[in-house]
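Content type mmCIF, C-alpha atoms and all ligand atoms, from the file upload_29.cif:
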data_query
#
loop_
_atom_site.group_PDB
_atom_site.id
_atom_site.type_symbol
_atom_site.label_atom_id
_atom_site.label_comp_id
_atom_site.auth_asym_id
_atom_site.auth_seq_id
_atom_site.Cartn_x
_atom_site.Cartn_y
_atom_site.Cartn_z
ATOM 1 C CA MET A 257 89.195 116.328 82.855
ATOM 2 C CA SER A 258 91.782 117.271 85.377
ATOM 3 C CA LEU A 259 92.959 114.547 87.765
ATOM 4 C CA VAL A 260 92.095 116.589 90.800
ATOM 5 C CA THR A 261 88.811 118.447 91.174
ATOM 6 C CA THR A 262 89.389 121.693 93.043
ATOM 7 C CA SER A 263 86.455 123.476 94.691
ATOM 8 C CA PRO A 264 85.509 126.870 93.187
ATOM 9 C CA GLU A 265 87.218 128.797 96.012
ATOM 10 C CA VAL A 266 90.388 126.691 95.772
ATOM 11 C CA THR A 267 90.433 127.042 91.965
ATOM 12 C CA GLU A 268 90.135 130.820 92.276
ATOM 13 C CA ALA A 269 92.764 131.124 94.989
ATOM 14 C CA LEU A 270 95.278 129.010 93.069
ATOM 15 C CA ALA A 271 94.694 130.907 89.820
ATOM 16 C CA ALA A 272 95.292 134.218 91.630
ATOM 17 C CA GLY A 273 98.380 132.940 93.450
ATOM 18 C CA ARG A 274 96.683 133.300 96.818
ATOM 19 C CA PRO A 275 97.603 131.027 99.762
ATOM 20 C CA VAL A 276 95.959 127.604 100.024
ATOM 21 C CA VAL A 277 96.433 125.005 102.783
ATOM 22 C CA ALA A 278 95.748 121.319 102.111
ATOM 23 C CA LEU A 279 94.170 119.099 104.786
ATOM 24 C CA GLU A 280 94.078 115.321 105.049
ATOM 25 C CA SER A 281 90.926 113.284 105.622
ATOM 26 C CA THR A 282 92.163 110.085 107.317
ATOM 27 C CA ILE A 283 92.293 112.101 110.524
ATOM 28 C CA ILE A 284 88.518 112.585 110.013
ATOM 29 C CA THR A 285 87.548 108.991 109.119
ATOM 30 C CA HIS A 286 90.123 106.968 111.052
ATOM 31 C CA GLY A 287 91.718 109.380 113.524
ATOM 32 C CA MET A 288 88.790 110.759 115.518
ATOM 33 C CA PRO A 289 85.288 109.569 116.504
ATOM 34 C CA TRP A 290 82.019 111.049 115.228
ATOM 35 C CA PRO A 291 80.856 113.793 115.814
ATOM 36 C CA GLN A 292 84.066 115.426 117.091
ATOM 37 C CA ASN A 293 85.720 114.544 113.770
ATOM 38 C CA LEU A 294 83.292 116.773 111.834
ATOM 39 C CA GLU A 295 83.543 119.590 114.388
ATOM 40 C CA MET A 296 87.322 119.428 114.132
ATOM 41 C CA ALA A 297 87.246 119.439 110.311
ATOM 42 C CA ARG A 298 84.983 122.504 110.237
ATOM 43 C CA LYS A 299 87.013 124.377 112.859
ATOM 44 C CA VAL A 300 90.267 123.699 111.020
ATOM 45 C CA GLU A 301 88.824 125.096 107.803
ATOM 46 C CA ALA A 302 87.527 128.179 109.656
ATOM 47 C CA THR A 303 90.930 128.701 111.292
ATOM 48 C CA ILE A 304 92.656 128.645 107.916
ATOM 49 C CA ARG A 305 90.189 131.183 106.508
ATOM 50 C CA ALA A 306 90.638 133.414 109.569
ATOM 51 C CA ASN A 307 94.384 133.375 108.921
ATOM 52 C CA GLY A 308 94.149 134.549 105.331
ATOM 53 C CA ALA A 309 94.330 131.262 103.391
ATOM 54 C CA THR A 310 91.887 128.928 101.649
ATOM 55 C CA PRO A 311 91.402 125.381 103.008
ATOM 56 C CA ALA A 312 91.506 122.391 100.657
ATOM 57 C CA THR A 313 90.430 119.176 102.362
ATOM 58 C CA ILE A 314 91.503 116.220 100.209
ATOM 59 C CA ALA A 315 89.548 112.982 99.715
ATOM 60 C CA VAL A 316 88.416 110.534 97.031
ATOM 61 C CA ILE A 317 84.641 110.457 96.617
ATOM 62 C CA GLY A 318 83.049 108.142 94.078
ATOM 63 C CA GLY A 319 86.376 107.755 92.302
ATOM 64 C CA ALA A 320 87.087 111.511 91.985
ATOM 65 C CA LEU A 321 90.009 113.099 93.790
ATOM 66 C CA PHE A 322 88.860 116.335 95.423
ATOM 67 C CA ALA A 323 90.845 119.256 96.827
ATOM 68 C CA GLY A 324 88.296 121.343 98.675
ATOM 69 C CA LEU A 325 85.048 119.743 99.839
ATOM 70 C CA THR A 326 81.589 121.230 100.280
ATOM 71 C CA ASP A 327 80.223 121.135 103.811
ATOM 72 C CA ALA A 328 77.823 118.362 102.755
ATOM 73 C CA GLN A 329 80.700 116.271 101.380
ATOM 74 C CA LEU A 330 82.649 116.842 104.591
ATOM 75 C CA GLU A 331 79.706 115.794 106.746
ATOM 76 C CA ASN A 332 79.090 112.709 104.624
ATOM 77 C CA LEU A 333 82.698 111.623 104.773
ATOM 78 C CA ALA A 334 82.822 112.122 108.539
ATOM 79 C CA GLN A 335 79.959 109.617 108.830
ATOM 80 C CA THR A 336 81.251 107.087 106.288
ATOM 81 C CA LYS A 337 82.240 104.136 108.444
ATOM 82 C CA ASP A 338 83.755 102.042 105.668
ATOM 83 C CA ALA A 339 85.820 104.733 103.911
ATOM 84 C CA ALA A 340 89.130 103.328 102.699
ATOM 85 C CA LYS A 341 92.378 104.634 104.173
ATOM 86 C CA LEU A 342 94.373 105.692 101.126
ATOM 87 C CA SER A 343 98.117 105.994 100.941
ATOM 88 C CA ARG A 344 100.485 106.061 97.917
ATOM 89 C CA ALA A 345 99.791 102.378 97.201
ATOM 90 C CA ASP A 346 96.005 102.556 96.969
ATOM 91 C CA LEU A 347 95.111 106.055 95.737
ATOM 92 C CA ALA A 348 94.944 105.157 92.034
ATOM 93 C CA VAL A 349 93.214 101.821 92.708
ATOM 94 C CA CYS A 350 90.432 103.562 94.660
ATOM 95 C CA MET A 351 89.981 106.119 91.852
ATOM 96 C CA ALA A 352 89.943 103.391 89.170
ATOM 97 C CA GLN A 353 87.237 101.477 91.025
ATOM 98 C CA GLY A 354 85.061 104.520 91.708
ATOM 99 C CA GLY A 355 85.567 104.108 95.443
ATOM 100 C CA THR A 356 85.472 106.499 98.380
ATOM 101 C CA GLY A 357 88.419 106.934 100.654
ATOM 102 C CA ALA A 358 90.212 109.276 102.992
ATOM 103 C CA THR A 359 93.762 110.341 102.265
ATOM 104 C CA THR A 360 96.666 109.829 104.668
ATOM 105 C CA VAL A 361 99.556 112.273 104.879
ATOM 106 C CA ALA A 362 101.256 110.478 101.951
ATOM 107 C CA ALA A 363 98.226 110.537 99.636
ATOM 108 C CA THR A 364 97.319 114.097 100.657
ATOM 109 C CA MET A 365 100.826 115.260 99.723
ATOM 110 C CA ILE A 366 100.476 113.603 96.299
ATOM 111 C CA ALA A 367 97.114 115.319 95.714
ATOM 112 C CA ALA A 368 98.367 118.672 97.006
ATOM 113 C CA ARG A 369 101.314 118.637 94.615
ATOM 114 C CA LEU A 370 99.013 117.713 91.722
ATOM 115 C CA ALA A 371 96.765 120.669 92.560
ATOM 116 C CA GLY A 372 99.705 123.067 93.018
ATOM 117 C CA ILE A 373 99.349 123.481 96.800
ATOM 118 C CA HIS A 374 102.596 123.990 98.743
ATOM 119 C CA VAL A 375 101.520 123.642 102.372
ATOM 120 C CA PHE A 376 99.589 121.024 104.298
ATOM 121 C CA ALA A 377 98.434 120.979 107.941
ATOM 122 C CA THR A 378 97.725 117.868 109.983
ATOM 123 C CA GLY A 379 98.011 116.474 113.519
ATOM 124 C CA GLY A 380 100.593 113.725 113.424
ATOM 125 C CA ILE A 381 102.396 111.936 110.629
ATOM 126 C CA GLY A 382 102.915 108.196 110.375
ATOM 127 C CA GLY A 383 106.412 106.954 111.168
ATOM 128 C CA VAL A 384 108.455 104.015 112.349
ATOM 129 C CA HIS A 385 106.363 101.973 114.775
ATOM 130 C CA LYS A 386 107.758 100.582 118.003
ATOM 131 C CA GLY A 387 108.984 97.060 117.291
ATOM 132 C CA ALA A 388 109.592 97.854 113.615
ATOM 133 C CA GLU A 389 112.726 95.710 113.766
ATOM 134 C CA GLU A 390 110.272 92.755 113.947
ATOM 135 C CA THR A 391 107.218 94.036 112.050
ATOM 136 C CA PHE A 392 108.898 96.304 109.444
ATOM 137 C CA ASP A 393 105.977 98.731 110.070
ATOM 138 C CA ILE A 394 107.264 102.009 108.653
ATOM 139 C CA SER A 395 104.682 104.464 107.323
ATOM 140 C CA ALA A 396 104.720 105.404 103.647
ATOM 141 C CA ASP A 397 104.415 109.014 104.923
ATOM 142 C CA LEU A 398 108.180 109.050 105.456
ATOM 143 C CA SER A 399 109.130 108.091 101.901
ATOM 144 C CA GLU A 400 106.509 110.529 100.611
ATOM 145 C CA LEU A 401 108.193 113.370 102.494
ATOM 146 C CA ALA A 402 111.378 112.327 100.716
ATOM 147 C CA GLN A 403 109.911 112.703 97.236
ATOM 148 C CA THR A 404 106.973 115.129 97.173
ATOM 149 C CA GLU A 405 107.496 118.894 97.410
ATOM 150 C CA VAL A 406 105.020 119.851 100.091
ATOM 151 C CA THR A 407 105.720 121.436 103.491
ATOM 152 C CA VAL A 408 103.829 119.467 106.147
ATOM 153 C CA VAL A 409 103.015 121.061 109.508
ATOM 154 C CA ALA A 410 102.475 118.472 112.274
ATOM 155 C CA ALA A 411 102.862 118.447 116.062
ATOM 156 C CA GLY A 412 105.896 116.200 116.002
ATOM 157 C CA ALA A 413 105.581 112.457 115.972
ATOM 158 C CA LYS A 414 103.277 110.659 118.317
ATOM 159 C CA ALA A 415 104.687 108.575 121.140
ATOM 160 C CA ILE A 416 102.959 105.501 119.653
ATOM 161 C CA LEU A 417 105.916 105.631 117.262
ATOM 162 C CA ASP A 418 109.602 105.050 117.791
ATOM 163 C CA ILE A 419 110.660 108.699 117.529
ATOM 164 C CA PRO A 420 114.452 108.213 117.321
ATOM 165 C CA LYS A 421 114.054 105.643 114.526
ATOM 166 C CA THR A 422 111.542 107.900 112.746
ATOM 167 C CA LEU A 423 114.070 110.760 112.845
ATOM 168 C CA GLU A 424 116.813 108.469 111.523
ATOM 169 C CA VAL A 425 114.706 107.403 108.526
ATOM 170 C CA LEU A 426 113.848 111.028 107.765
ATOM 171 C CA GLU A 427 117.499 112.011 107.983
ATOM 172 C CA THR A 428 118.570 109.170 105.673
ATOM 173 C CA ASN A 429 115.987 110.376 103.157
ATOM 174 C CA GLY A 430 117.075 114.009 103.298
ATOM 175 C CA VAL A 431 113.883 115.334 104.856
ATOM 176 C CA PRO A 432 114.403 118.501 106.900
ATOM 177 C CA VAL A 433 112.743 118.121 110.302
ATOM 178 C CA ILE A 434 112.250 121.634 111.628
ATOM 179 C CA ALA A 435 111.141 122.349 115.194
ATOM 180 C CA TYR A 436 109.210 125.609 115.272
ATOM 181 C CA GLY A 437 110.448 128.062 117.899
ATOM 182 C CA GLN A 438 112.256 125.605 120.185
ATOM 183 C CA ASP A 439 115.271 123.289 120.277
ATOM 184 C CA SER A 440 113.629 119.975 121.162
ATOM 185 C CA ILE A 441 111.355 117.852 119.010
ATOM 186 C CA PRO A 442 107.763 118.396 120.155
ATOM 187 C CA ALA A 443 106.148 115.131 121.287
ATOM 188 C CA PHE A 444 102.613 115.560 119.930
ATOM 189 C CA TRP A 445 100.606 115.679 123.199
ATOM 190 C CA SER A 446 103.506 117.358 125.017
ATOM 191 C CA ARG A 447 105.423 120.453 123.925
ATOM 192 C CA GLU A 448 108.881 119.141 124.638
ATOM 193 C CA SER A 449 110.736 115.859 124.365
ATOM 194 C CA ASP A 450 114.272 115.086 125.450
ATOM 195 C CA LEU A 451 115.329 114.725 121.826
ATOM 196 C CA GLN A 452 117.111 117.582 120.111
ATOM 197 C CA ALA A 453 115.444 118.563 116.827
ATOM 198 C CA PRO A 454 117.709 118.331 113.783
ATOM 199 C CA LEU A 455 116.738 121.892 112.745
ATOM 200 C CA ARG A 456 115.040 124.880 114.325
ATOM 201 C CA MET A 457 113.272 127.808 112.644
ATOM 202 C CA ASP A 458 111.499 130.661 114.399
ATOM 203 C CA THR A 459 109.441 132.318 111.668
ATOM 204 C CA ALA A 460 106.949 131.327 108.977
ATOM 205 C CA LYS A 461 108.872 133.604 106.626
ATOM 206 C CA ASP A 462 112.069 131.557 106.970
ATOM 207 C CA ILE A 463 110.200 128.272 106.576
ATOM 208 C CA ALA A 464 108.592 129.628 103.385
ATOM 209 C CA SER A 465 111.998 130.727 102.036
ATOM 210 C CA ALA A 466 113.503 127.297 102.730
ATOM 211 C CA HIS A 467 110.556 125.638 100.960
ATOM 212 C CA LEU A 468 111.052 127.779 97.853
ATOM 213 C CA LEU A 469 114.840 127.377 97.900
ATOM 214 C CA ARG A 470 114.539 123.581 97.935
ATOM 215 C CA GLY A 471 112.493 123.877 94.744
ATOM 216 C CA GLN A 472 114.997 126.236 93.120
ATOM 217 C CA ILE A 473 117.892 123.946 94.013
ATOM 218 C CA GLY A 474 115.932 121.063 92.489
ATOM 219 C CA LEU A 475 115.761 118.965 95.647
ATOM 220 C CA PRO A 476 112.878 116.508 95.548
ATOM 221 C CA GLY A 477 110.788 116.096 98.676
ATOM 222 C CA GLY A 478 109.145 118.241 101.289
ATOM 223 C CA GLN A 479 109.796 119.643 104.728
ATOM 224 C CA LEU A 480 108.395 118.452 108.030
ATOM 225 C CA VAL A 481 107.625 121.294 110.431
ATOM 226 C CA ALA A 482 107.127 120.135 114.026
ATOM 227 C CA ASN A 483 104.946 122.681 115.806
ATOM 228 C CA PRO A 484 104.617 122.293 119.600
ATOM 229 C CA ILE A 485 101.109 121.962 121.078
ATOM 230 C CA PRO A 486 100.017 125.120 122.994
ATOM 231 C CA GLN A 487 101.029 124.962 126.654
ATOM 232 C CA GLU A 488 97.473 125.084 128.005
ATOM 233 C CA ASP A 489 96.482 122.021 125.957
ATOM 234 C CA GLU A 490 99.391 119.674 126.583
ATOM 235 C CA ILE A 491 99.258 116.352 128.440
ATOM 236 C CA PRO A 492 102.445 115.464 130.328
ATOM 237 C CA ALA A 493 104.420 112.599 128.762
ATOM 238 C CA ALA A 494 104.478 110.749 132.099
ATOM 239 C CA VAL A 495 100.660 110.568 132.135
ATOM 240 C CA LEU A 496 100.525 109.112 128.633
ATOM 241 C CA ALA A 497 103.470 106.694 128.721
ATOM 242 C CA PRO A 498 101.658 103.842 130.552
ATOM 243 C CA ILE A 499 98.538 104.333 128.416
ATOM 244 C CA ILE A 500 100.515 104.125 125.194
ATOM 245 C CA ALA A 501 102.324 101.051 126.502
ATOM 246 C CA GLN A 502 99.007 99.370 127.288
ATOM 247 C CA ALA A 503 97.463 100.215 123.881
ATOM 248 C CA THR A 504 100.585 98.954 122.087
ATOM 249 C CA LYS A 505 100.533 95.734 124.113
ATOM 250 C CA GLU A 506 96.870 95.146 123.264
ATOM 251 C CA ALA A 507 97.532 95.720 119.557
ATOM 252 C CA GLY A 508 100.212 93.038 119.704
ATOM 253 C CA GLU A 509 98.016 90.590 121.648
ATOM 254 C CA GLN A 510 95.097 91.059 119.258
ATOM 255 C CA GLY A 511 97.298 90.666 116.191
ATOM 256 C CA VAL A 512 96.445 94.128 114.812
ATOM 257 C CA SER A 513 98.691 94.793 111.805
ATOM 258 C CA GLY A 514 99.178 96.903 108.681
ATOM 259 C CA LYS A 515 96.897 99.880 108.112
ATOM 260 C CA LYS A 516 94.859 99.064 111.202
ATOM 261 C CA VAL A 517 97.661 99.718 113.704
ATOM 262 C CA THR A 518 97.518 103.545 113.853
ATOM 263 C CA PRO A 519 93.687 103.824 114.048
ATOM 264 C CA PHE A 520 93.571 101.061 116.702
ATOM 265 C CA LEU A 521 96.133 102.817 118.904
ATOM 266 C CA LEU A 522 94.487 106.230 118.508
ATOM 267 C CA SER A 523 91.055 104.967 119.517
ATOM 268 C CA ARG A 524 92.379 102.937 122.478
ATOM 269 C CA ILE A 525 94.315 105.956 123.754
ATOM 270 C CA PHE A 526 91.168 108.059 123.388
ATOM 271 C CA GLU A 527 89.217 105.513 125.488
ATOM 272 C CA LEU A 528 91.940 105.117 128.095
ATOM 273 C CA THR A 529 92.348 108.891 128.587
ATOM 274 C CA GLU A 530 88.559 109.336 128.695
ATOM 275 C CA GLY A 531 88.644 111.778 125.829
ATOM 276 C CA ARG A 532 91.453 113.992 127.066
ATOM 277 C CA SER A 533 93.744 112.866 124.242
ATOM 278 C CA LEU A 534 91.081 113.887 121.718
ATOM 279 C CA GLU A 535 90.768 117.410 123.132
ATOM 280 C CA ALA A 536 94.525 117.858 122.954
ATOM 281 C CA ASN A 537 94.581 116.392 119.454
ATOM 282 C CA ILE A 538 91.984 118.906 118.224
ATOM 283 C CA ALA A 539 93.818 121.826 119.857
ATOM 284 C CA LEU A 540 97.110 120.922 118.204
ATOM 285 C CA VAL A 541 95.525 120.490 114.767
ATOM 286 C CA LEU A 542 94.077 124.012 115.028
ATOM 287 C CA ASN A 543 97.467 125.325 116.114
ATOM 288 C CA ASN A 544 99.069 123.621 113.086
ATOM 289 C CA ALA A 545 96.423 125.081 110.781
ATOM 290 C CA ARG A 546 97.395 128.569 112.006
ATOM 291 C CA LEU A 547 101.102 128.066 111.359
ATOM 292 C CA ALA A 548 100.477 126.383 107.985
ATOM 293 C CA SER A 549 98.347 129.376 106.940
ATOM 294 C CA GLU A 550 101.137 131.778 107.903
ATOM 295 C CA ILE A 551 103.635 129.748 105.875
ATOM 296 C CA ALA A 552 101.268 129.626 102.872
ATOM 297 C CA VAL A 553 100.761 133.412 103.098
ATOM 298 C CA GLU A 554 104.548 133.919 103.134
ATOM 299 C CA ILE A 555 105.100 131.574 100.174
ATOM 300 C CA ALA A 556 102.470 133.474 98.180
ATOM 301 C CA LYS A 557 104.172 136.780 99.079
ATOM 302 C CA GLN A 558 107.618 135.564 98.104
ATOM 303 C CA CYS A 559 106.284 134.263 94.759
ATOM 304 C CA GLU A 560 104.721 137.611 93.770
HETATM 305 N N1 LIG A 601 98.688 110.081 113.439
HETATM 306 C C1 LIG A 601 97.749 110.745 114.140
HETATM 307 N N2 LIG A 601 96.501 110.858 113.627
HETATM 308 C C2 LIG A 601 96.170 110.332 112.414
HETATM 309 C C3 LIG A 601 97.198 109.650 111.666
HETATM 310 C C4 LIG A 601 98.429 109.552 112.220
HETATM 311 O O1 LIG A 601 98.025 111.229 115.212
HETATM 312 O O2 LIG A 601 95.004 110.433 111.990
HETATM 313 C C5 LIG A 601 96.866 109.122 110.296
HETATM 314 C C6 LIG A 601 97.433 110.069 109.210
HETATM 315 O O3 LIG A 601 96.529 110.110 108.127
HETATM 316 C C7 LIG A 601 98.715 109.375 108.794
HETATM 317 C C8 LIG A 601 98.303 107.939 108.909
HETATM 318 O O4 LIG A 601 99.150 109.709 107.482
HETATM 319 O O5 LIG A 601 97.519 107.874 110.091
HETATM 320 C C9 LIG A 601 99.489 107.004 109.007
HETATM 321 O O6 LIG A 601 99.051 105.690 108.919
HETATM 322 P P1 LIG A 601 100.126 104.528 108.712
HETATM 323 O O7 LIG A 601 100.901 104.515 110.000
HETATM 324 O O8 LIG A 601 99.296 103.308 108.497
HETATM 325 O O9 LIG A 601 100.941 104.913 107.517
HETATM 326 MN MN MN A 602 101.945 101.179 109.067
#

Using the file provided, produce a representation of the structure as structure tokens.
Ligand code: PSU
Ligand code: MN
Amino acid sequence: MSLVTTSPEVTEALAAGRPVVALESTIITHGMPWPQNLEMARKVEATIRANGATPATIAVIGGALFAGLTDAQLENLAQTKDAAKLSRADLAVCMAQGGTGATTVAATMIAARLAGIHVFATGGIGGVHKGAEETFDISADLSELAQTEVTVVAAGAKAILDIPKTLEVLETNGVPVIAYGQDSIPAFWSRESDLQAPLRMDTAKDIASAHLLRGQIGLPGGQLVANPIPQEDEIPAAVLAPIIAQATKEAGEQGVSGKKVTPFLLSRIFELTEGRSLEANIALVLNNARLASEIAVEIAKQCE
């Protein structure tokens, strides 16, 4: 038995050297409310197919690690209220106990590498939380990027995080942070931030070449591609700043800690923006799925 169960279409694509894009599932179970979470998951898969790649949504179901879910599995997961949120620390435990859980960026990268998938699309990665000097809350996503050879396409880091500290940790760990097509780091809901990105690349072809070169050089770890949200979907930073501040304050007052912090903040921001943050979030995930597909297509071409 292989450790990761790939769907028939993912198995075929990988065997033929065709492009595959991995997708995480925590964004479905903990990042968005029902039923928009399922709609988003289906649209992302369709977008990847329309751009010439095969989608592989990753999750643990009844102890088995899947890469590529059936529509029924996807729908089930989207409605599973008590799904575990799995990172590097708990992936194997969930499998050993026959549990069901959604994978974070870290656990999705681990599964993607196991399956032989190079590229992964998501919305936002975990990072260094505001106040980390007190709480030590630094996502395992950052250390995963330092050690697992997968290129992750996200929309920059969310303003619920301390972006300068997040960039510092990534730099210390040798993770290339590449802004796509602009000089500044995209700020998730907004295209631009006032922070200069460490690196800039303008084509999927170059990003694919850099991914393959890292492997040839023998560098462990992946790349983080920060893809700006489309202009028509962005929410100005000034609109969100007070909302994020309020959600962060409430998390502190209610003693929310550990794994619960990110989902708590996301759902409070959704409530406080009356759903506008969710619309933007879905738009940027689709935009990331497009770029990830282009990168996967280029990697497949360059490996021929
Ligand atoms: N950021 C988002 N949406 C998400 C997440 C982060 O904008 O859904 C999820 C991802 O799965 C990410 C995880 O890997 O939260 C990070 O959680 P933590 O901060 O507990 O490591
Ligand atoms: Mn955390």

What residues have any atom no more than 9 Å from ligand MN 602 (chain A) when counting all atoms listed in the file, and can you list them as a ChimeraX atom specification?
-> /A:382-385,392-396,513-518

Give me the stretch 301-336 of chain A side of the contact with stretch 533-548 of chain A, cut-off 9 Å, one line per residue showing its nearest atom pair and distance in Å at one decimal, counting all atoms listed in the file, sorted by chain and residue number, as CSV.
residue,atom,partner,partner_atom,distance
A:Glu301,CA,A:Ala545,CA,8.2
A:Thr303,CA,A:Arg546,CA,6.5
A:Ile304,CA,A:Ala545,CA,5.9
A:Ala306,CA,A:Arg546,CA,8.7
A:Asn307,CA,A:Arg546,CA,6.5

Kindly provide the residues of chain A that approach ligand LIG 601 (chain A) to within 10 Å, each paired with its closest atom pair and their distance in Å to one decimal, based on only C-alpha atoms and all ligand atoms, listed by chain and increasing number, as a Markdown table.
| residue | atom | partner | partner_atom | distance |
| --- | --- | --- | --- | --- |
| A:Leu279 | CA | A:LIG601 | O3 | 9.9 |
| A:Glu280 | CA | A:LIG601 | O3 | 6.5 |
| A:Ser281 | CA | A:LIG601 | O3 | 6.9 |
| A:Thr282 | CA | A:LIG601 | O3 | 4.4 |
| A:Ile283 | CA | A:LIG601 | O2 | 3.5 |
| A:Ile284 | CA | A:LIG601 | O2 | 7.1 |
| A:Thr285 | CA | A:LIG601 | O2 | 8.1 |
| A:His286 | CA | A:LIG601 | O2 | 6.1 |
| A:Gly287 | CA | A:LIG601 | O2 | 3.8 |
| A:Met288 | CA | A:LIG601 | O2 | 7.2 |
| A:Lys341 | CA | A:LIG601 | O3 | 7.9 |
| A:Leu342 | CA | A:LIG601 | O3 | 8.6 |
| A:Ser343 | CA | A:LIG601 | O9 | 7.2 |
| A:Arg344 | CA | A:LIG601 | O9 | 9.7 |
| A:Ala358 | CA | A:LIG601 | O3 | 8.2 |
| A:Thr359 | CA | A:LIG601 | O3 | 6.5 |
| A:Thr360 | CA | A:LIG601 | O3 | 3.5 |
| A:Val361 | CA | A:LIG601 | O4 | 3.7 |
| A:Ala362 | CA | A:LIG601 | O4 | 6.0 |
| A:Ala363 | CA | A:LIG601 | O4 | 7.9 |
| A:Thr364 | CA | A:LIG601 | O4 | 8.3 |
| A:Met365 | CA | A:LIG601 | O4 | 9.7 |
| A:Thr378 | CA | A:LIG601 | C6 | 7.8 |
| A:Gly379 | CA | A:LIG601 | O1 | 5.5 |
| A:Gly380 | CA | A:LIG601 | O1 | 4.0 |
| A:Ile381 | CA | A:LIG601 | C7 | 4.8 |
| A:Gly382 | CA | A:LIG601 | C9 | 3.9 |
| A:Gly383 | CA | A:LIG601 | O7 | 6.1 |
| A:Val384 | CA | A:LIG601 | O7 | 7.9 |
| A:His385 | CA | A:LIG601 | O7 | 7.7 |
| A:Asp393 | CA | A:LIG601 | O7 | 7.7 |
| A:Ile394 | CA | A:LIG601 | O7 | 7.0 |
| A:Ser395 | CA | A:LIG601 | O9 | 3.8 |
| A:Ala396 | CA | A:LIG601 | O9 | 5.4 |
| A:Asp397 | CA | A:LIG601 | O4 | 5.9 |
| A:Leu398 | CA | A:LIG601 | O9 | 8.6 |
| A:Ala410 | CA | A:LIG601 | O1 | 9.0 |
| A:Ala411 | CA | A:LIG601 | O1 | 8.7 |
| A:Gly412 | CA | A:LIG601 | O1 | 9.3 |
| A:Ala413 | CA | A:LIG601 | O1 | 7.7 |
| A:Lys414 | CA | A:LIG601 | O1 | 6.1 |
| A:Ala415 | CA | A:LIG601 | O1 | 9.3 |
| A:Ile416 | CA | A:LIG601 | O1 | 8.8 |
| A:Leu417 | CA | A:LIG601 | O7 | 8.9 |
| A:Phe444 | CA | A:LIG601 | O1 | 7.9 |
| A:Trp445 | CA | A:LIG601 | O1 | 9.5 |
| A:Ser513 | CA | A:LIG601 | O8 | 9.2 |
| A:Gly514 | CA | A:LIG601 | O8 | 6.4 |
| A:Lys515 | CA | A:LIG601 | O8 | 4.2 |
| A:Lys516 | CA | A:LIG601 | O8 | 6.7 |
| A:Val517 | CA | A:LIG601 | O8 | 6.5 |
| A:Thr518 | CA | A:LIG601 | O7 | 5.2 |
| A:Pro519 | CA | A:LIG601 | O5 | 6.8 |
| A:Leu521 | CA | A:LIG601 | O1 | 9.4 |
| A:Leu522 | CA | A:LIG601 | O1 | 7.0 |
| A:Ser523 | CA | A:LIG601 | N2 | 10.0 |
| A:Leu534 | CA | A:LIG601 | O1 | 9.9 |
| A:Asn537 | CA | A:LIG601 | O1 | 7.5 |
| A:Val541 | CA | A:LIG601 | O1 | 9.6 |

If we draw a sphere of 12 Å around (104.1, 103.6, 128.6), which residues have at least one atom in it when counting all atoms listed in the file? Please report them as a compact mmCIF listing (two decimals) with C-alpha atoms, in the frame of the given file.
# COMPACT_ATOMS: atom_id res chain seq x y z
CA LYS A 386 107.76 100.58 118.00
CA ALA A 415 104.69 108.58 121.14
CA ILE A 416 102.96 105.50 119.65
CA LEU A 417 105.92 105.63 117.26
CA ALA A 493 104.42 112.60 128.76
CA ALA A 494 104.48 110.75 132.10
CA VAL A 495 100.66 110.57 132.14
CA LEU A 496 100.52 109.11 128.63
CA ALA A 497 103.47 106.69 128.72
CA PRO A 498 101.66 103.84 130.55
CA ILE A 499 98.54 104.33 128.42
CA ILE A 500 100.52 104.12 125.19
CA ALA A 501 102.32 101.05 126.50
CA GLN A 502 99.01 99.37 127.29
CA ALA A 503 97.46 100.22 123.88
CA THR A 504 100.58 98.95 122.09
CA LYS A 505 100.53 95.73 124.11
CA ILE A 525 94.32 105.96 123.75

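Of the listed residues (A:Asn293, A:Gln403, A:Ser549, A:Gln329), A:Ser549 comes nearest to A:Phe376; the distances count all atoms listed in the file.
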
Need the axis-aligned box for stretch 490-494 of chain A with 8 Å each side, so what are the centre and edges in Å to one decimal, as AutoDock Vina command-line options?
--center_x 101.9 --center_y 115.2 --center_z 129.3 --size_x 21.2 --size_y 24.9 --size_z 21.5

Go ahead and compute the interatomic distance for atom CA of A:Pro264 and atom CA of A:Phe322, in Å to one decimal.
->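 Distance between the two atoms: 11.3 Å.
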
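Here the question is which of A:Glu268, A:Glu390, A:Glu405, A:Asp338 gets nearest to A:Leu475 using only C-alpha atoms, and that residue is A:Glu405.
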
Shell around A:Lys461 at 12 Å using all atoms listed in the file, local window under 2 positions removed, as a list of chain:residue names | A:Tyr436, A:Met457, A:Asp458, A:Thr459, A:Ile463, A:Ala464, A:Ser465, A:Ala466, A:His467, A:Leu468, A:Leu547, A:Ala548, A:Ser549, A:Glu550, A:Ile551, A:Ala552, A:Val553, A:Glu554, A:Ile555, A:Ala556, A:Lys557, A:Gln558

Evaluating the PyMOL selection byres (((chain A and resi 437) around 12) and not hetatm) on the displayed file yields which residues, as a list in words?
-> Ile434, Ala435, Tyr436, Gln438, Asp439, Ser440, Ile441, Pro442, Arg447, Glu448, Ala453, Leu455, Arg456, Met457, Asp458, Thr459, Ala460, Asp462, Ile463, Val481, Ala482, Asn483, Pro484, Ile485, Pro486 and Leu547 of chain A

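If all atoms listed in the file are the atoms counted, then among A:Leu330, A:Thr310, A:Val316, A:Val277 the closest residue to A:Pro291 is A:Leu330.
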
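When atom CA of A:Ser449 is paired with atom CA of A:Glu427, their separation reads 18.1 Å.
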